[in-house]
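Enquirer: This is the structure I want to talk about, given as structure tokens.
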Amino acid sequence: METHFSKEQLKDEDNKSSEKILRKCVHCGFCNATCPTYLLLGDELDGPRGRIYLIKDMLENDKPANEKIVKHIDRCLSCYSCMTTCPSGVNYMHLIDHGRSHIEKTYKRPFNERVIRSFLSIVIPNPTYFRIIGMLTLLVKPFRFIFPKKISEMIDLMPGKFPKKTLHKKEVYSAQKTKRIARVALLTGCVQKVLSPQINEATIRLLNRHGIEVVVPKGIGCCGSLNHHLGKSDLAHQTFKKNISIWYDEYLKNGLDAIISNTSGCGTTLKDYEFIFRSDEDFKKKAKKISELTKDITEYLDENIKLDFIRRQNNDKEYKIAYHSACSMQHGQKIHDVPINLIKKTGNQVFDIPDGHICCGSAGTYNLLQSDIAKKLLKNKISNIEKIKPQFIATGNIGCITQIANGTKIPILHTVEIIDWYTGGLKPKVLRNL
């Protein structure tokens, strides 16, 4: 694609990076063939190619965003399916993030949108706030019909109950084997910590049982991806810098062999810290190291641990499992076969979901902000899952777990819960009746 950025514009590091990305695009349109919103809406501007043109025009001409641009950019899921499809290697992820940041800086949204987005920006990354709001929604759920449509839909997406609060009071969880073979930090997350604390508990048990010491450093909360994808770059960068500093200090003082993410959306962002701080002299070295250390839990297990899979007494049943490959896992981190192969080692049948490259509609805050499209994507996803007729579903992302659970009664759980169970851990509660 031909570009016309001025020399002055290219002094800006973000413009410089985006210009290189734009030049790689050859207008082929292969990306539209796998774009969930293009497939649903059939609008060129609701596909990656159309959005690329909108972003190019906005950045190149230094134009403030307008209502039309915002509508089509907001409809993007950031699922990155287009990056898997693109034959030219266009890094759409970095381009859409730049576009969203530009929108946030140049476009004044309607008052109600500003309020909702600011609310989500503050509440979701903070587990305490999120739990309080979650408890309040339980009280108002029976009366949600009195609220505006957008608020009512958000209330509807909240779970009907919340698990017992877990604080992860310990900073260090020691390896159970006499000889410690590695030391890792675990990102316990924000939403996951509240909705599904058993995922972190299973991760810690599994790693400890295989000789891995797990540290949960104080001060690490949200990974920053939520605000990053909302275009709130200043807030996101504050979180990024805090996390990087804490992990890097831990790495220098006590040593870390890896930083483990068991939420694929978070892992994708952590692995991108190096790019985000590429021109920051104070942080680029630290950010690079954190990105290099970051591993999805399944990726780390596959590369470093010989898992002791066992058949527990009275547990010789063979299950039929549908594996949902989260977009941030398969498209963002390029990890797809590894989790499937690990689950297969348990002796169960594992099946890819038809059209598994298409998003379920969760996508961070997308199902809250673009609920109509998200519902259609969920309906399609559930239809494809039911074709397999599985006894339960496995995936590697809390957002997908929450979204899919809203559309089906088929049990869904995290991949690490299955691996923990089949290497000596507890049978997940959601499967107790199977």
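Chain labels A, B, ... are given in the sequence in which chains occur in the structure tokens; within each chain residues are numbered consecutively from 1, and ligands are likewise numbered from 1 in the order shown.
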Counting only C-alpha atoms, what is within 9 Å of A:Val194, bar same-chain residues fewer than 2 positions away, as a PDB file with N, CA and C atoms, in the first residue's frame?
Expert:
```pdb
ATOM      1  N   PRO A 127      -9.958  -6.155  41.113  1.00  0.00           N
ATOM      2  CA  PRO A 127     -10.750  -7.286  41.613  1.00  0.00           C
ATOM      3  C   PRO A 127     -11.705  -6.913  42.739  1.00  0.00           C
ATOM      4  N   THR A 128     -11.289  -5.994  43.623  1.00  0.00           N
ATOM      5  CA  THR A 128     -12.166  -5.592  44.730  1.00  0.00           C
ATOM      6  C   THR A 128     -13.405  -4.873  44.213  1.00  0.00           C
ATOM      7  N   PHE A 130     -14.587  -5.018  41.196  1.00  0.00           N
ATOM      8  CA  PHE A 130     -15.352  -5.930  40.343  1.00  0.00           C
ATOM      9  C   PHE A 130     -16.227  -6.850  41.181  1.00  0.00           C
ATOM     10  N   ARG A 131     -15.681  -7.334  42.298  1.00  0.00           N
ATOM     11  CA  ARG A 131     -16.468  -8.217  43.168  1.00  0.00           C
ATOM     12  C   ARG A 131     -17.645  -7.464  43.783  1.00  0.00           C
ATOM     13  N   PHE A 162     -21.070 -15.984  42.886  1.00  0.00           N
ATOM     14  CA  PHE A 162     -19.631 -15.762  42.900  1.00  0.00           C
ATOM     15  C   PHE A 162     -18.976 -16.773  43.829  1.00  0.00           C
ATOM     16  N   PRO A 163     -17.834 -17.326  43.414  1.00  0.00           N
ATOM     17  CA  PRO A 163     -17.151 -18.298  44.279  1.00  0.00           C
ATOM     18  C   PRO A 163     -16.584 -17.635  45.524  1.00  0.00           C
ATOM     19  N   LYS A 164     -16.227 -18.446  46.493  1.00  0.00           N
ATOM     20  CA  LYS A 164     -15.620 -17.950  47.719  1.00  0.00           C
ATOM     21  C   LYS A 164     -14.363 -17.156  47.389  1.00  0.00           C
ATOM     22  N   LYS A 165     -14.199 -16.032  48.057  1.00  0.00           N
ATOM     23  CA  LYS A 165     -13.071 -15.141  47.773  1.00  0.00           C
ATOM     24  C   LYS A 165     -11.747 -15.810  48.134  1.00  0.00           C
ATOM     25  N   THR A 166     -10.789 -15.733  47.238  1.00  0.00           N
ATOM     26  CA  THR A 166      -9.434 -16.210  47.524  1.00  0.00           C
ATOM     27  C   THR A 166      -8.465 -15.057  47.352  1.00  0.00           C
ATOM     28  N   GLY A 189      -4.219 -12.368  37.501  1.00  0.00           N
ATOM     29  CA  GLY A 189      -5.275 -11.690  36.781  1.00  0.00           C
ATOM     30  C   GLY A 189      -6.209 -10.866  37.642  1.00  0.00           C
ATOM     31  N   CYS A 190      -7.244 -10.326  37.006  1.00  0.00           N
ATOM     32  CA  CYS A 190      -8.213  -9.478  37.720  1.00  0.00           C
ATOM     33  C   CYS A 190      -9.589 -10.143  37.714  1.00  0.00           C
ATOM     34  N   VAL A 191     -10.216 -10.255  36.563  1.00  0.00           N
ATOM     35  CA  VAL A 191     -11.524 -10.906  36.469  1.00  0.00           C
ATOM     36  C   VAL A 191     -11.427 -12.376  36.854  1.00  0.00           C
ATOM     37  N   GLN A 192     -10.404 -13.047  36.376  1.00  0.00           N
ATOM     38  CA  GLN A 192     -10.252 -14.475  36.653  1.00  0.00           C
ATOM     39  C   GLN A 192     -10.147 -14.747  38.142  1.00  0.00           C
ATOM     40  N   SER A 196     -13.203 -17.133  38.662  1.00  0.00           N
ATOM     41  CA  SER A 196     -12.748 -18.531  38.608  1.00  0.00           C
ATOM     42  C   SER A 196     -11.399 -18.699  39.302  1.00  0.00           C
ATOM     43  N   PRO A 197     -11.339 -18.484  40.615  1.00  0.00           N
ATOM     44  CA  PRO A 197     -10.062 -18.617  41.330  1.00  0.00           C
ATOM     45  C   PRO A 197      -9.478 -20.020  41.259  1.00  0.00           C
TER      46      PRO A 197
END
```
Enquirer: Enumerate the residues of stretch 210-259 of chain A with a DSSP assignment of helix (DSSP H, G or I), computed from the backbone, and present them as a list in words.
Expert: Ser225, Leu226, Asn227, His228, His229, Ser233, Asp234, Leu235, Ala236, His237, Gln238, Thr239, Phe240, Lys241, Lys242, Asn243, Ile244, Ser245, Ile246, Trp247, Tyr248, Asp249, Glu250, Tyr251, Leu252 and Lys253 of chain A
Enquirer: Next, write the just-selected residues to a file, as a compact mmCIF listing (two decimals), in the first residue's frame, keeping C-alpha atoms as the atom set.
Expert:
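Full text of selection.txt as output:
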```txt
# COMPACT_ATOMS: atom_id res chain seq x y z
CA SER A 225 -4.76 -5.03 28.24
CA LEU A 226 -8.28 -3.84 28.96
CA ASN A 227 -7.36 -0.15 28.96
CA HIS A 228 -4.90 -0.73 26.13
CA HIS A 229 -7.67 -2.03 23.87
CA SER A 233 -2.98 4.37 26.47
CA ASP A 234 -1.94 6.56 29.40
CA LEU A 235 -3.75 4.38 31.95
CA ALA A 236 -2.53 1.22 30.26
CA HIS A 237 1.10 2.39 30.26
CA GLN A 238 0.93 3.14 33.98
CA THR A 239 -0.10 -0.45 34.60
CA PHE A 240 2.48 -1.82 32.16
CA LYS A 241 5.33 0.07 33.84
CA LYS A 242 4.26 -0.99 37.32
CA ASN A 243 4.13 -4.67 36.32
CA ILE A 244 7.39 -4.55 34.40
CA SER A 245 9.22 -2.95 37.31
CA ILE A 246 7.93 -5.48 39.86
CA TRP A 247 8.67 -8.54 37.71
CA TYR A 248 12.05 -7.26 36.60
CA ASP A 249 13.10 -6.60 40.21
CA GLU A 250 12.00 -10.12 41.13
CA TYR A 251 13.95 -11.49 38.17
CA LEU A 252 17.14 -9.67 39.25
CA LYS A 253 16.88 -10.33 42.99
```
Enquirer: What is the atom CA of A:Ile124 to atom CA of A:Thr269 distance in Å?
Expert: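 Those two atoms sit 16.4 Å apart.
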Enquirer: Between A:Lys20, A:Arg114, A:Lys288, A:Leu77, which is the closest to A:Asp46 once you count only C-alpha atoms?
Expert: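 That would be A:Leu77, the residue with the smallest distance to A:Asp46.
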Enquirer: At most 10 Å is the cut-off: for each residue in stretch 278-378 of chain A with any atom that close to an atom of stretch 82-96 of chain A, write down the nearest atom pair and the distance in Å rounded to one decimal, counting only C-alpha atoms, chain first then increasing number, as JSON lines.
Expert:
```
{"residue": "A:Gln330", "atom": "CA", "partner": "A:Thr84", "partner_atom": "CA", "distance": 8.4}
{"residue": "A:His331", "atom": "CA", "partner": "A:Thr84", "partner_atom": "CA", "distance": 5.8}
{"residue": "A:Gly332", "atom": "CA", "partner": "A:Met83", "partner_atom": "CA", "distance": 8.3}
{"residue": "A:Lys334", "atom": "CA", "partner": "A:Thr84", "partner_atom": "CA", "distance": 8.3}
{"residue": "A:His357", "atom": "CA", "partner": "A:Thr84", "partner_atom": "CA", "distance": 9.3}
```
Enquirer: Write a file of the selected residues as a PDB file, in the first residue's frame, keeping N, CA and C atoms.
Expert:
```pdb
ATOM      1  N   GLN A 330      -4.707 -18.636  19.614  1.00  0.00           N
ATOM      2  CA  GLN A 330      -4.350 -19.159  18.296  1.00  0.00           C
ATOM      3  C   GLN A 330      -3.868 -18.078  17.334  1.00  0.00           C
ATOM      4  N   HIS A 331      -4.455 -16.882  17.398  1.00  0.00           N
ATOM      5  CA  HIS A 331      -4.064 -15.808  16.485  1.00  0.00           C
ATOM      6  C   HIS A 331      -3.055 -14.849  17.126  1.00  0.00           C
ATOM      7  N   GLY A 332      -3.250 -14.542  18.400  1.00  0.00           N
ATOM      8  CA  GLY A 332      -2.363 -13.601  19.080  1.00  0.00           C
ATOM      9  C   GLY A 332      -1.012 -14.198  19.430  1.00  0.00           C
ATOM     10  N   LYS A 334      -0.159 -17.559  18.546  1.00  0.00           N
ATOM     11  CA  LYS A 334       0.146 -18.647  17.599  1.00  0.00           C
ATOM     12  C   LYS A 334       0.324 -19.990  18.318  1.00  0.00           C
ATOM     13  N   HIS A 357     -11.709 -20.928  14.096  1.00  0.00           N
ATOM     14  CA  HIS A 357     -10.923 -19.701  13.975  1.00  0.00           C
ATOM     15  C   HIS A 357     -11.783 -18.457  14.156  1.00  0.00           C
TER      16      HIS A 357
END
```
Enquirer: Please provide the set of residues having any atom within 7 Å of A:Thr395, restricted to only C-alpha atoms, with same-chain residues fewer than 3 positions apart removed, written as a PDB file with N, CA and C atoms, in the first residue's frame.
Expert:
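Below is the file around-v9.pdb, written as the result:
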```
ATOM      1  N   TYR A 323     -12.460 -28.641  22.142  1.00  0.00           N
ATOM      2  CA  TYR A 323     -11.461 -27.621  22.497  1.00  0.00           C
ATOM      3  C   TYR A 323     -11.750 -26.324  21.749  1.00  0.00           C
ATOM      4  N   HIS A 324     -12.008 -25.262  22.514  1.00  0.00           N
ATOM      5  CA  HIS A 324     -12.198 -23.929  21.936  1.00  0.00           C
ATOM      6  C   HIS A 324     -10.871 -23.185  21.995  1.00  0.00           C
ATOM      7  N   SER A 325     -10.316 -22.881  20.843  1.00  0.00           N
ATOM      8  CA  SER A 325      -9.038 -22.175  20.776  1.00  0.00           C
ATOM      9  C   SER A 325      -9.303 -20.674  20.825  1.00  0.00           C
ATOM     10  N   ALA A 326      -9.016 -20.058  21.971  1.00  0.00           N
ATOM     11  CA  ALA A 326      -9.253 -18.619  22.133  1.00  0.00           C
ATOM     12  C   ALA A 326      -8.489 -17.841  21.068  1.00  0.00           C
ATOM     13  N   LEU A 413     -14.465 -25.486  31.097  1.00  0.00           N
ATOM     14  CA  LEU A 413     -13.412 -25.246  32.078  1.00  0.00           C
ATOM     15  C   LEU A 413     -12.090 -24.947  31.379  1.00  0.00           C
ATOM     16  N   HIS A 414     -11.127 -24.539  32.186  1.00  0.00           N
ATOM     17  CA  HIS A 414      -9.808 -24.178  31.672  1.00  0.00           C
ATOM     18  C   HIS A 414      -8.974 -25.436  31.429  1.00  0.00           C
ATOM     19  N   THR A 415      -8.181 -25.399  30.393  1.00  0.00           N
ATOM     20  CA  THR A 415      -7.307 -26.521  30.045  1.00  0.00           C
ATOM     21  C   THR A 415      -6.457 -26.969  31.224  1.00  0.00           C
TER      22      THR A 415
END
```
Enquirer: With only C-alpha atoms as the basis for distance, which of A:Ala185, A:Arg117, A:Thr34, A:Asp12 is at the shortest distance from A:Asp355?
Expert: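 Among A:Ala185, A:Arg117, A:Thr34, A:Asp12, it is A:Thr34 that comes nearest to A:Asp355.
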Enquirer: For A:Leu186, work out the shell of residues within 8 Å, counting only C-alpha atoms and skipping chain neighbours fewer than 6 positions away, then give it as a list in words.
Expert: Val214, Val215, Val216, Ile259, Ile260 and Ser261 of chain A
Enquirer: Taking the DSSP secondary structure from the backbone, can you list the residues of stretch 143-375 of chain A that are strand (DSSP E), as a list in words?
Expert: Val172, Tyr173, Ala182, Arg183, Val184, Ala185, Leu186, Leu187, Ile212, Glu213, Val214, Val215, Ala258, Ile259, Ile260, Ser261, Thr294, Lys295, Asp296, Lys320, Ile321, Ala322, Tyr323, Gln349, Val350, Phe351 and Asp352 of chain A
Enquirer: From the set A:Ile401, A:Cys266, A:Leu230, A:Leu431, which residue has the shortest atom-to-atom contact distance to A:Leu187, counting only C-alpha atoms?
Expert: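 Closest to A:Leu187, using only C-alpha atoms: A:Cys266.
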Enquirer: Would you mind listing what lies within 10 Å of A:Gly267 as a compact mmCIF listing (two decimals) with C-alpha atoms, in the first residue's frame, with only C-alpha atoms counted and same-chain residues fewer than 2 positions away left out?
Expert:
```txt
# COMPACT_ATOMS: atom_id res chain seq x y z
CA LEU A 187 -0.07 -13.59 36.74
CA CYS A 223 -1.97 -6.82 32.88
CA SER A 225 -4.76 -5.03 28.24
CA ILE A 259 6.25 -15.54 33.88
CA ILE A 260 3.19 -17.76 33.55
CA SER A 261 -0.08 -16.53 32.08
CA ASN A 262 -3.15 -18.76 32.26
CA THR A 263 -5.34 -16.15 30.57
CA SER A 264 -4.44 -15.98 26.90
CA GLY A 265 -5.63 -12.40 26.43
CA THR A 269 -0.33 -8.32 25.86
CA LEU A 270 2.61 -9.32 28.06
CA LYS A 271 4.41 -10.72 25.04
CA ASP A 272 3.84 -7.36 23.33
CA SER A 291 8.13 -10.38 27.05
CA THR A 294 6.19 -14.74 29.39
CA LYS A 295 4.72 -18.14 28.58
CA ASP A 296 1.19 -19.44 28.39
CA ILE A 297 0.80 -22.20 30.97
CA SER A 328 -5.72 -14.47 21.68
CA MET A 329 -4.17 -17.94 21.90
CA GLY A 332 -2.36 -13.60 19.08
CA GLN A 333 0.23 -16.07 20.41
CA ASN A 397 -9.16 -17.88 28.47
```
Enquirer: Identify, on the basis of only C-alpha atoms, every residue whose closest approach to A:Asp74 does not exceed 9 Å; exclude the query and any residue fewer than 3 positions from it along the same chain; express the result as a list of chain:residue names.
Expert: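 Surrounding residues, per the criterion: A:Ile69, A:Val70, A:Lys71, A:Leu77, A:Arg100, A:Tyr366, A:Leu369, A:Gln370.
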Enquirer: Grab the atom CA of A:Ile204 to atom CA of A:Gly255 distance for me, in Å with one decimal place.
Expert: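 Separating atom CA of A:Ile204 from atom CA of A:Gly255 is a distance of 17.9 Å.
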Enquirer: If we count only C-alpha atoms, what is near A:Thr402 at a cut-off of 10 Å, once residues fewer than 3 positions away on the same chain are taken out, given as a ChimeraX atom specification?
Expert: /A:157-159,192,195-196,362,397-399,405-407,412-413
Enquirer: Given the choices A:His27, A:Arg183, A:Lys63, A:His72, which gets closest to A:Asp43 if the distance is worked out from only C-alpha atoms?
Expert: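 Counting only C-alpha atoms, the residue closest to A:Asp43 is A:His72.
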Enquirer: For A:Thr188, which residue among A:Lys218, A:Arg144, A:His210, A:Arg75 is the nearest when counting only C-alpha atoms?
Expert: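 Checking each candidate against A:Thr188, we get A:Lys218 as the closest.
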